[in-house]
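A.B. asks: So here's input_19.txt, just compact mmCIF, N, CA and C atoms:
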```txt
# COMPACT_ATOMS: atom_id res chain seq x y z
N MET A 1464 9.41 -21.92 15.46
CA MET A 1464 8.12 -21.55 14.91
C MET A 1464 8.07 -20.02 14.78
N TRP A 1465 7.48 -19.55 13.70
CA TRP A 1465 7.36 -18.12 13.43
C TRP A 1465 5.92 -17.69 13.59
N ARG A 1466 5.72 -16.50 14.09
CA ARG A 1466 4.38 -15.90 14.11
C ARG A 1466 4.29 -14.99 12.91
N GLN A 1467 3.13 -15.00 12.25
CA GLN A 1467 2.96 -14.20 11.06
C GLN A 1467 1.65 -13.41 11.07
N PRO A 1468 1.46 -12.52 12.01
CA PRO A 1468 0.21 -11.75 11.99
C PRO A 1468 0.14 -10.87 10.74
N ARG A 1469 -1.04 -10.81 10.17
CA ARG A 1469 -1.25 -10.00 8.97
C ARG A 1469 -1.19 -8.52 9.35
N LEU A 1470 -0.38 -7.78 8.63
CA LEU A 1470 -0.24 -6.35 8.89
C LEU A 1470 -1.27 -5.56 8.10
N MET A 1471 -1.33 -5.81 6.79
CA MET A 1471 -2.27 -5.08 5.93
C MET A 1471 -2.37 -5.79 4.59
N ALA A 1472 -3.48 -5.56 3.91
CA ALA A 1472 -3.67 -6.12 2.58
C ALA A 1472 -2.66 -5.51 1.62
N ALA A 1473 -2.31 -6.25 0.59
CA ALA A 1473 -1.34 -5.76 -0.38
C ALA A 1473 -1.77 -6.09 -1.80
N GLY A 1474 -3.05 -5.95 -2.07
CA GLY A 1474 -3.54 -6.22 -3.41
C GLY A 1474 -2.97 -5.22 -4.41
N HIS A 1475 -3.29 -5.42 -5.66
CA HIS A 1475 -2.77 -4.58 -6.73
C HIS A 1475 -3.75 -3.50 -7.14
N VAL A 1476 -3.22 -2.42 -7.67
CA VAL A 1476 -4.04 -1.33 -8.19
C VAL A 1476 -3.40 -0.83 -9.48
N ALA A 1477 -4.20 -0.75 -10.53
CA ALA A 1477 -3.73 -0.13 -11.78
C ALA A 1477 -3.94 1.38 -11.63
N VAL A 1478 -2.88 2.15 -11.89
CA VAL A 1478 -2.94 3.60 -11.72
C VAL A 1478 -2.34 4.31 -12.92
N ALA A 1479 -2.72 5.57 -13.05
CA ALA A 1479 -2.13 6.44 -14.07
C ALA A 1479 -2.21 7.87 -13.57
N ALA A 1480 -1.37 8.70 -14.12
CA ALA A 1480 -1.43 10.13 -13.81
C ALA A 1480 -2.71 10.70 -14.40
N PRO A 1481 -3.30 11.69 -13.76
CA PRO A 1481 -4.49 12.33 -14.32
C PRO A 1481 -4.26 12.82 -15.75
N SER A 1482 -3.06 13.28 -16.05
CA SER A 1482 -2.77 13.79 -17.40
C SER A 1482 -2.80 12.69 -18.45
N TYR A 1483 -2.55 11.44 -18.06
CA TYR A 1483 -2.57 10.34 -19.02
C TYR A 1483 -4.00 9.85 -19.27
N ILE A 1484 -4.75 9.66 -18.22
CA ILE A 1484 -6.05 9.02 -18.37
C ILE A 1484 -7.15 9.99 -18.75
N GLY A 1485 -7.01 11.26 -18.39
CA GLY A 1485 -8.01 12.27 -18.74
C GLY A 1485 -9.39 11.90 -18.24
N ASP A 1486 -10.38 12.02 -19.12
CA ASP A 1486 -11.77 11.72 -18.76
C ASP A 1486 -12.20 10.33 -19.21
N ARG A 1487 -11.25 9.50 -19.60
CA ARG A 1487 -11.57 8.16 -20.10
C ARG A 1487 -12.27 7.35 -19.01
N PRO A 1488 -13.45 6.83 -19.30
CA PRO A 1488 -14.16 6.03 -18.29
C PRO A 1488 -13.53 4.65 -18.14
N VAL A 1489 -13.29 4.25 -16.91
CA VAL A 1489 -12.70 2.94 -16.62
C VAL A 1489 -13.52 2.31 -15.50
N THR A 1490 -14.13 1.17 -15.78
CA THR A 1490 -14.90 0.46 -14.76
C THR A 1490 -14.25 -0.87 -14.38
N CYS A 1491 -13.33 -1.34 -15.24
CA CYS A 1491 -12.64 -2.59 -14.93
C CYS A 1491 -11.30 -2.59 -15.66
N LEU A 1492 -10.45 -3.50 -15.29
CA LEU A 1492 -9.12 -3.56 -15.88
C LEU A 1492 -9.18 -3.78 -17.39
N GLY A 1493 -10.15 -4.55 -17.84
CA GLY A 1493 -10.30 -4.81 -19.27
C GLY A 1493 -10.52 -3.55 -20.10
N ASP A 1494 -11.04 -2.49 -19.46
CA ASP A 1494 -11.24 -1.22 -20.17
C ASP A 1494 -9.92 -0.57 -20.56
N LEU A 1495 -8.83 -1.06 -20.04
CA LEU A 1495 -7.53 -0.45 -20.28
C LEU A 1495 -6.78 -1.08 -21.46
N LYS A 1496 -7.44 -2.00 -22.16
CA LYS A 1496 -6.81 -2.57 -23.35
C LYS A 1496 -6.47 -1.45 -24.32
N GLY A 1497 -5.33 -1.58 -24.95
CA GLY A 1497 -4.91 -0.58 -25.92
C GLY A 1497 -4.17 0.60 -25.30
N SER A 1498 -4.01 0.60 -23.99
CA SER A 1498 -3.29 1.66 -23.32
C SER A 1498 -1.78 1.37 -23.36
N ARG A 1499 -1.00 2.36 -23.03
CA ARG A 1499 0.44 2.14 -22.87
C ARG A 1499 0.67 1.70 -21.42
N TRP A 1500 1.39 0.62 -21.25
CA TRP A 1500 1.72 0.10 -19.93
C TRP A 1500 3.18 0.38 -19.65
N VAL A 1501 3.47 0.90 -18.47
CA VAL A 1501 4.85 1.12 -18.03
C VAL A 1501 5.08 0.21 -16.85
N VAL A 1502 6.00 -0.74 -17.01
CA VAL A 1502 6.16 -1.80 -16.02
C VAL A 1502 7.63 -2.03 -15.72
N ASP A 1503 7.86 -2.70 -14.59
CA ASP A 1503 9.20 -3.20 -14.32
C ASP A 1503 9.20 -4.66 -14.77
N GLY A 1504 10.10 -5.46 -14.28
CA GLY A 1504 10.11 -6.88 -14.64
C GLY A 1504 8.84 -7.57 -14.22
N MET A 1505 8.06 -6.95 -13.38
CA MET A 1505 6.78 -7.40 -12.85
C MET A 1505 6.81 -8.82 -12.30
N ARG A 1506 6.51 -8.86 -11.06
CA ARG A 1506 6.38 -10.16 -10.41
C ARG A 1506 5.18 -10.90 -11.03
N SER A 1507 5.19 -12.18 -10.91
CA SER A 1507 4.17 -12.99 -11.57
C SER A 1507 2.76 -12.68 -11.08
N GLU A 1508 2.60 -12.26 -9.80
CA GLU A 1508 1.25 -11.97 -9.29
C GLU A 1508 0.60 -10.83 -10.08
N GLU A 1509 1.38 -9.82 -10.41
CA GLU A 1509 0.84 -8.69 -11.16
C GLU A 1509 0.45 -9.10 -12.56
N ARG A 1510 1.32 -9.85 -13.23
CA ARG A 1510 1.01 -10.32 -14.58
C ARG A 1510 -0.22 -11.22 -14.58
N MET A 1511 -0.33 -12.09 -13.55
CA MET A 1511 -1.49 -12.97 -13.47
C MET A 1511 -2.77 -12.16 -13.29
N TRP A 1512 -2.72 -11.13 -12.42
CA TRP A 1512 -3.90 -10.30 -12.19
C TRP A 1512 -4.31 -9.59 -13.47
N ILE A 1513 -3.36 -9.06 -14.19
CA ILE A 1513 -3.66 -8.38 -15.45
C ILE A 1513 -4.26 -9.37 -16.45
N ALA A 1514 -3.64 -10.54 -16.58
CA ALA A 1514 -4.12 -11.55 -17.53
C ALA A 1514 -5.51 -12.07 -17.14
N GLU A 1515 -5.75 -12.26 -15.84
CA GLU A 1515 -7.07 -12.73 -15.39
C GLU A 1515 -8.17 -11.74 -15.73
N ASN A 1516 -7.80 -10.51 -15.98
CA ASN A 1516 -8.78 -9.48 -16.32
C ASN A 1516 -8.80 -9.16 -17.82
N GLY A 1517 -8.32 -10.10 -18.61
CA GLY A 1517 -8.48 -10.01 -20.06
C GLY A 1517 -7.44 -9.22 -20.82
N ILE A 1518 -6.31 -8.92 -20.22
CA ILE A 1518 -5.28 -8.17 -20.92
C ILE A 1518 -4.04 -9.04 -21.07
N ASP A 1519 -3.61 -9.21 -22.31
CA ASP A 1519 -2.38 -9.93 -22.61
C ASP A 1519 -1.31 -8.89 -22.89
N LEU A 1520 -0.38 -8.73 -21.96
CA LEU A 1520 0.65 -7.69 -22.13
C LEU A 1520 1.52 -7.92 -23.37
N ASN A 1521 1.55 -9.15 -23.88
CA ASN A 1521 2.30 -9.42 -25.11
C ASN A 1521 1.63 -8.78 -26.32
N GLU A 1522 0.37 -8.40 -26.19
CA GLU A 1522 -0.36 -7.77 -27.29
C GLU A 1522 -0.57 -6.27 -27.05
N GLU A 1523 -0.02 -5.75 -25.98
CA GLU A 1523 -0.19 -4.34 -25.62
C GLU A 1523 1.10 -3.56 -25.89
N THR A 1524 0.99 -2.25 -25.88
CA THR A 1524 2.17 -1.39 -25.95
C THR A 1524 2.75 -1.31 -24.54
N VAL A 1525 3.94 -1.86 -24.37
CA VAL A 1525 4.55 -1.96 -23.05
C VAL A 1525 5.96 -1.39 -23.09
N THR A 1526 6.26 -0.53 -22.15
CA THR A 1526 7.62 -0.06 -21.94
C THR A 1526 8.07 -0.64 -20.61
N GLN A 1527 9.17 -1.41 -20.66
CA GLN A 1527 9.65 -2.07 -19.45
C GLN A 1527 10.86 -1.33 -18.92
N PHE A 1528 10.85 -1.10 -17.61
CA PHE A 1528 11.94 -0.43 -16.92
C PHE A 1528 12.66 -1.42 -16.01
N PRO A 1529 13.90 -1.13 -15.64
CA PRO A 1529 14.65 -2.08 -14.82
C PRO A 1529 14.17 -2.17 -13.37
N THR A 1530 13.47 -1.15 -12.87
CA THR A 1530 13.00 -1.19 -11.48
C THR A 1530 11.57 -0.69 -11.38
N SER A 1531 10.93 -1.05 -10.28
CA SER A 1531 9.56 -0.58 -10.05
C SER A 1531 9.54 0.93 -9.81
N GLN A 1532 10.60 1.47 -9.24
CA GLN A 1532 10.65 2.93 -9.02
C GLN A 1532 10.63 3.66 -10.36
N PHE A 1533 11.35 3.17 -11.34
CA PHE A 1533 11.35 3.81 -12.66
C PHE A 1533 9.97 3.73 -13.31
N SER A 1534 9.33 2.56 -13.23
CA SER A 1534 8.00 2.44 -13.84
C SER A 1534 6.99 3.31 -13.12
N ARG A 1535 7.10 3.41 -11.80
CA ARG A 1535 6.20 4.28 -11.03
C ARG A 1535 6.41 5.74 -11.43
N GLU A 1536 7.66 6.17 -11.55
CA GLU A 1536 7.94 7.55 -11.95
C GLU A 1536 7.47 7.82 -13.38
N ALA A 1537 7.58 6.84 -14.26
CA ALA A 1537 7.08 7.00 -15.63
C ALA A 1537 5.57 7.20 -15.62
N ALA A 1538 4.86 6.43 -14.82
CA ALA A 1538 3.41 6.58 -14.72
C ALA A 1538 3.06 7.95 -14.12
N LEU A 1539 3.79 8.36 -13.09
CA LEU A 1539 3.54 9.67 -12.48
C LEU A 1539 3.77 10.80 -13.47
N SER A 1540 4.66 10.58 -14.43
CA SER A 1540 4.96 11.59 -15.44
C SER A 1540 3.97 11.58 -16.59
N GLY A 1541 3.00 10.66 -16.54
CA GLY A 1541 1.97 10.63 -17.57
C GLY A 1541 2.32 9.78 -18.78
N LEU A 1542 3.26 8.85 -18.63
CA LEU A 1542 3.68 8.03 -19.77
C LEU A 1542 2.85 6.77 -19.97
N GLY A 1543 1.98 6.43 -19.01
CA GLY A 1543 1.16 5.23 -19.17
C GLY A 1543 0.61 4.74 -17.85
N ILE A 1544 0.18 3.48 -17.87
CA ILE A 1544 -0.45 2.85 -16.72
C ILE A 1544 0.54 1.88 -16.09
N THR A 1545 0.55 1.82 -14.78
CA THR A 1545 1.36 0.83 -14.08
C THR A 1545 0.52 0.17 -13.01
N VAL A 1546 1.03 -0.90 -12.45
CA VAL A 1546 0.36 -1.63 -11.38
C VAL A 1546 1.22 -1.51 -10.13
N LEU A 1547 0.59 -1.06 -9.05
CA LEU A 1547 1.29 -0.84 -7.79
C LEU A 1547 0.64 -1.62 -6.66
N PRO A 1548 1.40 -1.90 -5.60
CA PRO A 1548 0.77 -2.45 -4.40
C PRO A 1548 -0.21 -1.41 -3.84
N ALA A 1549 -1.33 -1.88 -3.33
CA ALA A 1549 -2.38 -0.97 -2.85
C ALA A 1549 -1.90 0.08 -1.86
N PRO A 1550 -1.06 -0.27 -0.87
CA PRO A 1550 -0.65 0.78 0.08
C PRO A 1550 0.11 1.94 -0.58
N ILE A 1551 0.90 1.65 -1.59
CA ILE A 1551 1.62 2.70 -2.30
C ILE A 1551 0.66 3.52 -3.14
N ALA A 1552 -0.24 2.84 -3.83
CA ALA A 1552 -1.23 3.54 -4.67
C ALA A 1552 -2.13 4.43 -3.82
N ASP A 1553 -2.49 3.96 -2.63
CA ASP A 1553 -3.36 4.76 -1.75
C ASP A 1553 -2.73 6.11 -1.42
N GLN A 1554 -1.46 6.09 -1.05
CA GLN A 1554 -0.78 7.34 -0.69
C GLN A 1554 -0.64 8.26 -1.90
N LEU A 1555 -0.30 7.70 -3.05
CA LEU A 1555 -0.15 8.53 -4.25
C LEU A 1555 -1.49 9.15 -4.66
N GLU A 1556 -2.58 8.41 -4.45
CA GLU A 1556 -3.90 8.96 -4.75
C GLU A 1556 -4.25 10.08 -3.78
N ARG A 1557 -3.97 9.88 -2.50
CA ARG A 1557 -4.23 10.93 -1.51
C ARG A 1557 -3.45 12.20 -1.83
N ASP A 1558 -2.25 12.03 -2.38
CA ASP A 1558 -1.42 13.17 -2.75
C ASP A 1558 -1.83 13.80 -4.09
N GLY A 1559 -2.83 13.20 -4.76
CA GLY A 1559 -3.32 13.72 -6.03
C GLY A 1559 -2.41 13.44 -7.21
N LYS A 1560 -1.50 12.48 -7.06
CA LYS A 1560 -0.54 12.19 -8.13
C LYS A 1560 -1.02 11.15 -9.12
N VAL A 1561 -1.95 10.28 -8.71
CA VAL A 1561 -2.47 9.25 -9.60
C VAL A 1561 -3.97 9.13 -9.43
N ILE A 1562 -4.56 8.49 -10.41
CA ILE A 1562 -5.96 8.08 -10.33
C ILE A 1562 -5.96 6.56 -10.30
N LYS A 1563 -6.67 6.01 -9.32
CA LYS A 1563 -6.83 4.56 -9.28
C LYS A 1563 -7.82 4.17 -10.37
N LEU A 1564 -7.41 3.27 -11.23
CA LEU A 1564 -8.25 2.87 -12.35
C LEU A 1564 -8.98 1.57 -12.07
N CYS A 1565 -8.33 0.67 -11.37
CA CYS A 1565 -8.94 -0.62 -11.06
C CYS A 1565 -8.19 -1.22 -9.88
N GLU A 1566 -8.93 -1.72 -8.90
CA GLU A 1566 -8.32 -2.31 -7.71
C GLU A 1566 -8.62 -3.80 -7.63
N GLU A 1567 -7.62 -4.55 -7.24
CA GLU A 1567 -7.82 -5.97 -7.00
C GLU A 1567 -8.67 -6.12 -5.74
N GLU A 1568 -9.69 -6.94 -5.81
CA GLU A 1568 -10.56 -7.14 -4.67
C GLU A 1568 -10.39 -8.54 -4.11
N ASN A 1569 -10.57 -8.65 -2.81
CA ASN A 1569 -10.51 -9.94 -2.11
C ASN A 1569 -9.19 -10.68 -2.34
N SER A 1570 -8.11 -9.95 -2.34
CA SER A 1570 -6.80 -10.55 -2.55
C SER A 1570 -6.32 -11.24 -1.28
N ASP A 1571 -5.66 -12.37 -1.46
CA ASP A 1571 -5.03 -13.05 -0.34
C ASP A 1571 -3.63 -12.50 -0.09
N ILE A 1572 -3.17 -11.66 -0.99
CA ILE A 1572 -1.83 -11.09 -0.86
C ILE A 1572 -1.85 -10.07 0.27
N ALA A 1573 -0.86 -10.15 1.15
CA ALA A 1573 -0.82 -9.24 2.29
C ALA A 1573 0.62 -9.09 2.77
N TYR A 1574 0.83 -8.03 3.54
CA TYR A 1574 2.09 -7.85 4.25
C TYR A 1574 1.91 -8.46 5.62
N HIS A 1575 2.94 -9.11 6.11
CA HIS A 1575 2.91 -9.75 7.42
C HIS A 1575 4.10 -9.30 8.24
N ILE A 1576 3.96 -9.40 9.53
CA ILE A 1576 5.07 -9.18 10.44
C ILE A 1576 5.55 -10.56 10.87
N LEU A 1577 6.78 -10.86 10.59
CA LEU A 1577 7.33 -12.17 10.88
C LEU A 1577 8.26 -12.06 12.09
N THR A 1578 7.89 -12.70 13.17
CA THR A 1578 8.70 -12.68 14.39
C THR A 1578 8.83 -14.08 14.95
N ARG A 1579 9.82 -14.26 15.79
CA ARG A 1579 10.02 -15.54 16.49
C ARG A 1579 9.59 -15.34 17.93
N PRO A 1580 8.51 -15.98 18.35
CA PRO A 1580 7.97 -15.74 19.69
C PRO A 1580 8.91 -16.15 20.82
N GLU A 1581 9.82 -17.09 20.56
CA GLU A 1581 10.72 -17.51 21.64
C GLU A 1581 11.82 -16.49 21.92
N ILE A 1582 11.94 -15.49 21.08
CA ILE A 1582 12.94 -14.44 21.28
C ILE A 1582 12.24 -13.21 21.85
N VAL A 1583 12.67 -12.79 23.02
CA VAL A 1583 12.10 -11.62 23.67
C VAL A 1583 12.93 -10.40 23.27
N SER A 1584 12.27 -9.40 22.73
CA SER A 1584 12.98 -8.19 22.30
C SER A 1584 12.08 -6.97 22.50
N PRO A 1585 12.31 -6.22 23.56
CA PRO A 1585 11.51 -5.02 23.78
C PRO A 1585 11.63 -4.02 22.63
N THR A 1586 12.81 -3.92 22.04
CA THR A 1586 13.01 -3.01 20.91
C THR A 1586 12.16 -3.45 19.72
N ARG A 1587 12.15 -4.74 19.45
CA ARG A 1587 11.32 -5.27 18.37
C ARG A 1587 9.85 -4.98 18.63
N ASP A 1588 9.43 -5.18 19.86
CA ASP A 1588 8.02 -4.97 20.21
C ASP A 1588 7.60 -3.51 20.01
N VAL A 1589 8.49 -2.58 20.33
CA VAL A 1589 8.20 -1.16 20.09
C VAL A 1589 8.07 -0.90 18.59
N PHE A 1590 8.99 -1.48 17.82
CA PHE A 1590 8.95 -1.31 16.36
C PHE A 1590 7.67 -1.90 15.78
N VAL A 1591 7.30 -3.09 16.20
CA VAL A 1591 6.09 -3.74 15.69
C VAL A 1591 4.86 -2.91 16.05
N LYS A 1592 4.82 -2.36 17.25
CA LYS A 1592 3.70 -1.50 17.65
C LYS A 1592 3.61 -0.27 16.74
N TRP A 1593 4.76 0.35 16.49
CA TRP A 1593 4.79 1.52 15.59
C TRP A 1593 4.34 1.13 14.18
N LEU A 1594 4.84 -0.01 13.69
CA LEU A 1594 4.51 -0.45 12.34
C LEU A 1594 3.02 -0.72 12.19
N ARG A 1595 2.40 -1.34 13.18
CA ARG A 1595 0.95 -1.58 13.15
C ARG A 1595 0.18 -0.26 13.13
N ALA A 1596 0.63 0.71 13.94
CA ALA A 1596 -0.04 2.01 13.96
C ALA A 1596 0.10 2.71 12.62
N ALA A 1597 1.28 2.67 12.03
CA ALA A 1597 1.51 3.31 10.73
C ALA A 1597 0.69 2.64 9.64
N ALA A 1598 0.54 1.33 9.70
CA ALA A 1598 -0.21 0.59 8.69
C ALA A 1598 -1.70 0.88 8.76
N SER A 1599 -2.18 1.30 9.91
CA SER A 1599 -3.62 1.56 10.05
C SER A 1599 -4.02 2.97 9.65
N LEU A 1600 -3.06 3.81 9.28
CA LEU A 1600 -3.36 5.20 8.89
C LEU A 1600 -4.15 5.25 7.60
```
Can you dump the structure from the file as structure tokens?

C.D. replies:
Amino acid sequence: MWRQPRLMAAGHVAVAAPSYIGDRPVTCLGDLKGSRWVVDGMRSEERMWIAENGIDLNEETVTQFPTSQFSREAALSGLGITVLPAPIADQLERDGKVIKLCEEENSDIAYHILTRPEIVSPTRDVFVKWLRAAASL
């Protein structure tokens, strides 16, 4: 049996560099129709979230990159909008590198710590304690 305590929420956030979005008002994801999207292969959860908010990426201007790091760097460079996990977007926003345009609310998506309770590991326990503290920052 595995224990799976929730570490932190991992919802999605649409972000763009301040140089890309400028003063454009955005109150919901649907306001971003007609924008340039910079994406990786995108996991299905991200595509579903975008589609549920009225955007069909097949009808948008989309540049696809081979990795999420490339799409993130493209967005940071002002080439368009990308979708990131909330914890990554939070740090980039704190650093002033992106503007959060729309956040997924009430997401069931989360990061978990997966451990086997029948295995005793003091080293693991120290790591899990550190990870929980880091996640709460």

A.B. asks: To one decimal place in Å, what is the distance between atom C of Trp1512 in chain A and atom N of Ser1534 in chain A?

C.D. replies: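 Atom-to-atom, atom C of Trp1512 in chain A and atom N of Ser1534 in chain A are spaced 18.3 Å apart.
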
A.B. asks: In terms of the shortest atom-to-atom distance over only C-alpha atoms, which of A:Ile1576, A:Ala1597, A:Leu1555, A:Ile1518 is closest to Arg1469 in chain A?

C.D. replies: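 Checking each of A:Ile1576, A:Ala1597, A:Leu1555, A:Ile1518 against Arg1469 in chain A, counting only C-alpha atoms, the winner is A:Ile1576.
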
A.B. asks: Report, in Å to a single decimal, how far apart CA of Tyr1574 in chain A and CA of Arg1587 in chain A are.

C.D. replies: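 These atoms are spaced 17.1 Å apart.
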
A.B. asks: Could you pull out the residues in chain A that DSSP calls strand (DSSP E) from the backbone, as a PyMOL selection string?

C.D. replies: chain A and resi 1469-1472+1475-1479+1499-1502+1524-1527+1544-1548+1562-1566+1573-1575

A.B. asks: Could you state the separation of CA of Gln1527 in chain A and CA of Gly1543 in chain A in Å, given to one decimal place?

C.D. replies: 11.2 Å

A.B. asks: Name the closest residue to Thr1526 in chain A among the candidates A:Ile1513, A:Leu1539, A:Val1502, A:Asp1553; distances are taken between atoms, counting only C-alpha atoms.

C.D. replies: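 Among the listed residues, A:Val1502 lies closest to Thr1526 in chain A.
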
A.B. asks: Extract the full set of helix (DSSP H, G or I) residues from chain A according to DSSP on the backbone, and format it as a VMD selection string.

C.D. replies: chain A and resid 1481 to 1484 1492 to 1495 1507 to 1515 1520 to 1522 1531 to 1539 1549 to 1557 1585 to 1598

A.B. asks: For Gly1474 in chain A, which of A:Glu1567, A:Arg1535, A:Gln1554, A:Met1511 is the closest residue, counting only C-alpha atoms?

C.D. replies: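 Of the candidates, the smallest distance to Gly1474 in chain A is held by A:Glu1567.
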
A.B. asks: Can you tell me, as AutoDock Vina command-line options, the centre and edge lengths (Å, one decimal) of the axis-aligned box enclosing all of range 1500-1517 of chain A's listed atoms after padding each side by 5 Å?

C.D. replies:
```
--center_x 0.7 --center_y -5.9 --center_z -15.3 --size_x 28.9 --size_y 24.1 --size_z 22.0
```

A.B. asks: Neighbourhood query: residues within 7 Å of (5.8, 1.2, -8.6), file coordinates, counting all atoms listed in the file; return as a list in words.

C.D. replies: Thr1530, Ser1531, Gln1532, Phe1533, Ser1534, Arg1535, Glu1536, Thr1545, Val1546, Leu1547 and Pro1548 of chain A

A.B. asks: Can you list, as a ChimeraX atom specification, every protein, DNA or RNA residue that comes within 6.5 Å of Ser1498 in chain A when you count only N, CA and C atoms, leaving out same-chain residues fewer than 4 positions away?

C.D. replies: /A:1523-1524,1543-1544

A.B. asks: Mind filling out range 1480-1494 of chain A with N, CA, C and O atoms and sending it as a PDB file, in the coordinates of the input?

C.D. replies:
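Output contents, as saved in selection-v9.pdb:
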```
ATOM      1  N   ALA A1480      -1.370   8.700 -14.120  1.00  0.00           N
ATOM      2  CA  ALA A1480      -1.430  10.130 -13.810  1.00  0.00           C
ATOM      3  C   ALA A1480      -2.710  10.700 -14.400  1.00  0.00           C
ATOM      4  O   ALA A1480      -3.169  10.245 -15.460  1.00  0.00           O
ATOM      5  N   PRO A1481      -3.300  11.690 -13.760  1.00  0.00           N
ATOM      6  CA  PRO A1481      -4.490  12.330 -14.320  1.00  0.00           C
ATOM      7  C   PRO A1481      -4.260  12.820 -15.750  1.00  0.00           C
ATOM      8  O   PRO A1481      -5.165  12.735 -16.587  1.00  0.00           O
ATOM      9  N   SER A1482      -3.060  13.280 -16.050  1.00  0.00           N
ATOM     10  CA  SER A1482      -2.770  13.790 -17.400  1.00  0.00           C
ATOM     11  C   SER A1482      -2.800  12.690 -18.450  1.00  0.00           C
ATOM     12  O   SER A1482      -3.070  12.948 -19.618  1.00  0.00           O
ATOM     13  N   TYR A1483      -2.550  11.440 -18.060  1.00  0.00           N
ATOM     14  CA  TYR A1483      -2.570  10.340 -19.020  1.00  0.00           C
ATOM     15  C   TYR A1483      -4.000   9.850 -19.270  1.00  0.00           C
ATOM     16  O   TYR A1483      -4.402   9.646 -20.402  1.00  0.00           O
ATOM     17  N   ILE A1484      -4.750   9.660 -18.220  1.00  0.00           N
ATOM     18  CA  ILE A1484      -6.050   9.020 -18.370  1.00  0.00           C
ATOM     19  C   ILE A1484      -7.150   9.990 -18.750  1.00  0.00           C
ATOM     20  O   ILE A1484      -8.137   9.622 -19.397  1.00  0.00           O
ATOM     21  N   GLY A1485      -7.010  11.260 -18.390  1.00  0.00           N
ATOM     22  CA  GLY A1485      -8.010  12.270 -18.740  1.00  0.00           C
ATOM     23  C   GLY A1485      -9.390  11.900 -18.240  1.00  0.00           C
ATOM     24  O   GLY A1485      -9.561  11.467 -17.111  1.00  0.00           O
ATOM     25  N   ASP A1486     -10.380  12.020 -19.120  1.00  0.00           N
ATOM     26  CA  ASP A1486     -11.770  11.720 -18.760  1.00  0.00           C
ATOM     27  C   ASP A1486     -12.200  10.330 -19.210  1.00  0.00           C
ATOM     28  O   ASP A1486     -13.390  10.024 -19.231  1.00  0.00           O
ATOM     29  N   ARG A1487     -11.250   9.500 -19.600  1.00  0.00           N
ATOM     30  CA  ARG A1487     -11.570   8.160 -20.100  1.00  0.00           C
ATOM     31  C   ARG A1487     -12.270   7.350 -19.010  1.00  0.00           C
ATOM     32  O   ARG A1487     -11.767   7.201 -17.901  1.00  0.00           O
ATOM     33  N   PRO A1488     -13.450   6.830 -19.300  1.00  0.00           N
ATOM     34  CA  PRO A1488     -14.160   6.030 -18.290  1.00  0.00           C
ATOM     35  C   PRO A1488     -13.530   4.650 -18.140  1.00  0.00           C
ATOM     36  O   PRO A1488     -13.247   3.975 -19.121  1.00  0.00           O
ATOM     37  N   VAL A1489     -13.290   4.250 -16.910  1.00  0.00           N
ATOM     38  CA  VAL A1489     -12.700   2.940 -16.620  1.00  0.00           C
ATOM     39  C   VAL A1489     -13.520   2.310 -15.500  1.00  0.00           C
ATOM     40  O   VAL A1489     -13.622   2.866 -14.417  1.00  0.00           O
ATOM     41  N   THR A1490     -14.130   1.170 -15.780  1.00  0.00           N
ATOM     42  CA  THR A1490     -14.900   0.460 -14.760  1.00  0.00           C
ATOM     43  C   THR A1490     -14.250  -0.870 -14.380  1.00  0.00           C
ATOM     44  O   THR A1490     -14.609  -1.452 -13.379  1.00  0.00           O
ATOM     45  N   CYS A1491     -13.330  -1.340 -15.240  1.00  0.00           N
ATOM     46  CA  CYS A1491     -12.640  -2.590 -14.930  1.00  0.00           C
ATOM     47  C   CYS A1491     -11.300  -2.590 -15.660  1.00  0.00           C
ATOM     48  O   CYS A1491     -11.065  -1.767 -16.550  1.00  0.00           O
ATOM     49  N   LEU A1492     -10.450  -3.500 -15.290  1.00  0.00           N
ATOM     50  CA  LEU A1492      -9.120  -3.560 -15.880  1.00  0.00           C
ATOM     51  C   LEU A1492      -9.180  -3.780 -17.390  1.00  0.00           C
ATOM     52  O   LEU A1492      -8.384  -3.225 -18.140  1.00  0.00           O
ATOM     53  N   GLY A1493     -10.150  -4.550 -17.840  1.00  0.00           N
ATOM     54  CA  GLY A1493     -10.300  -4.810 -19.270  1.00  0.00           C
ATOM     55  C   GLY A1493     -10.520  -3.550 -20.100  1.00  0.00           C
ATOM     56  O   GLY A1493     -10.221  -3.524 -21.295  1.00  0.00           O
ATOM     57  N   ASP A1494     -11.040  -2.490 -19.460  1.00  0.00           N
ATOM     58  CA  ASP A1494     -11.240  -1.220 -20.170  1.00  0.00           C
ATOM     59  C   ASP A1494      -9.920  -0.570 -20.560  1.00  0.00           C
ATOM     60  O   ASP A1494      -9.911   0.390 -21.329  1.00  0.00           O
TER      61      ASP A1494
END
```
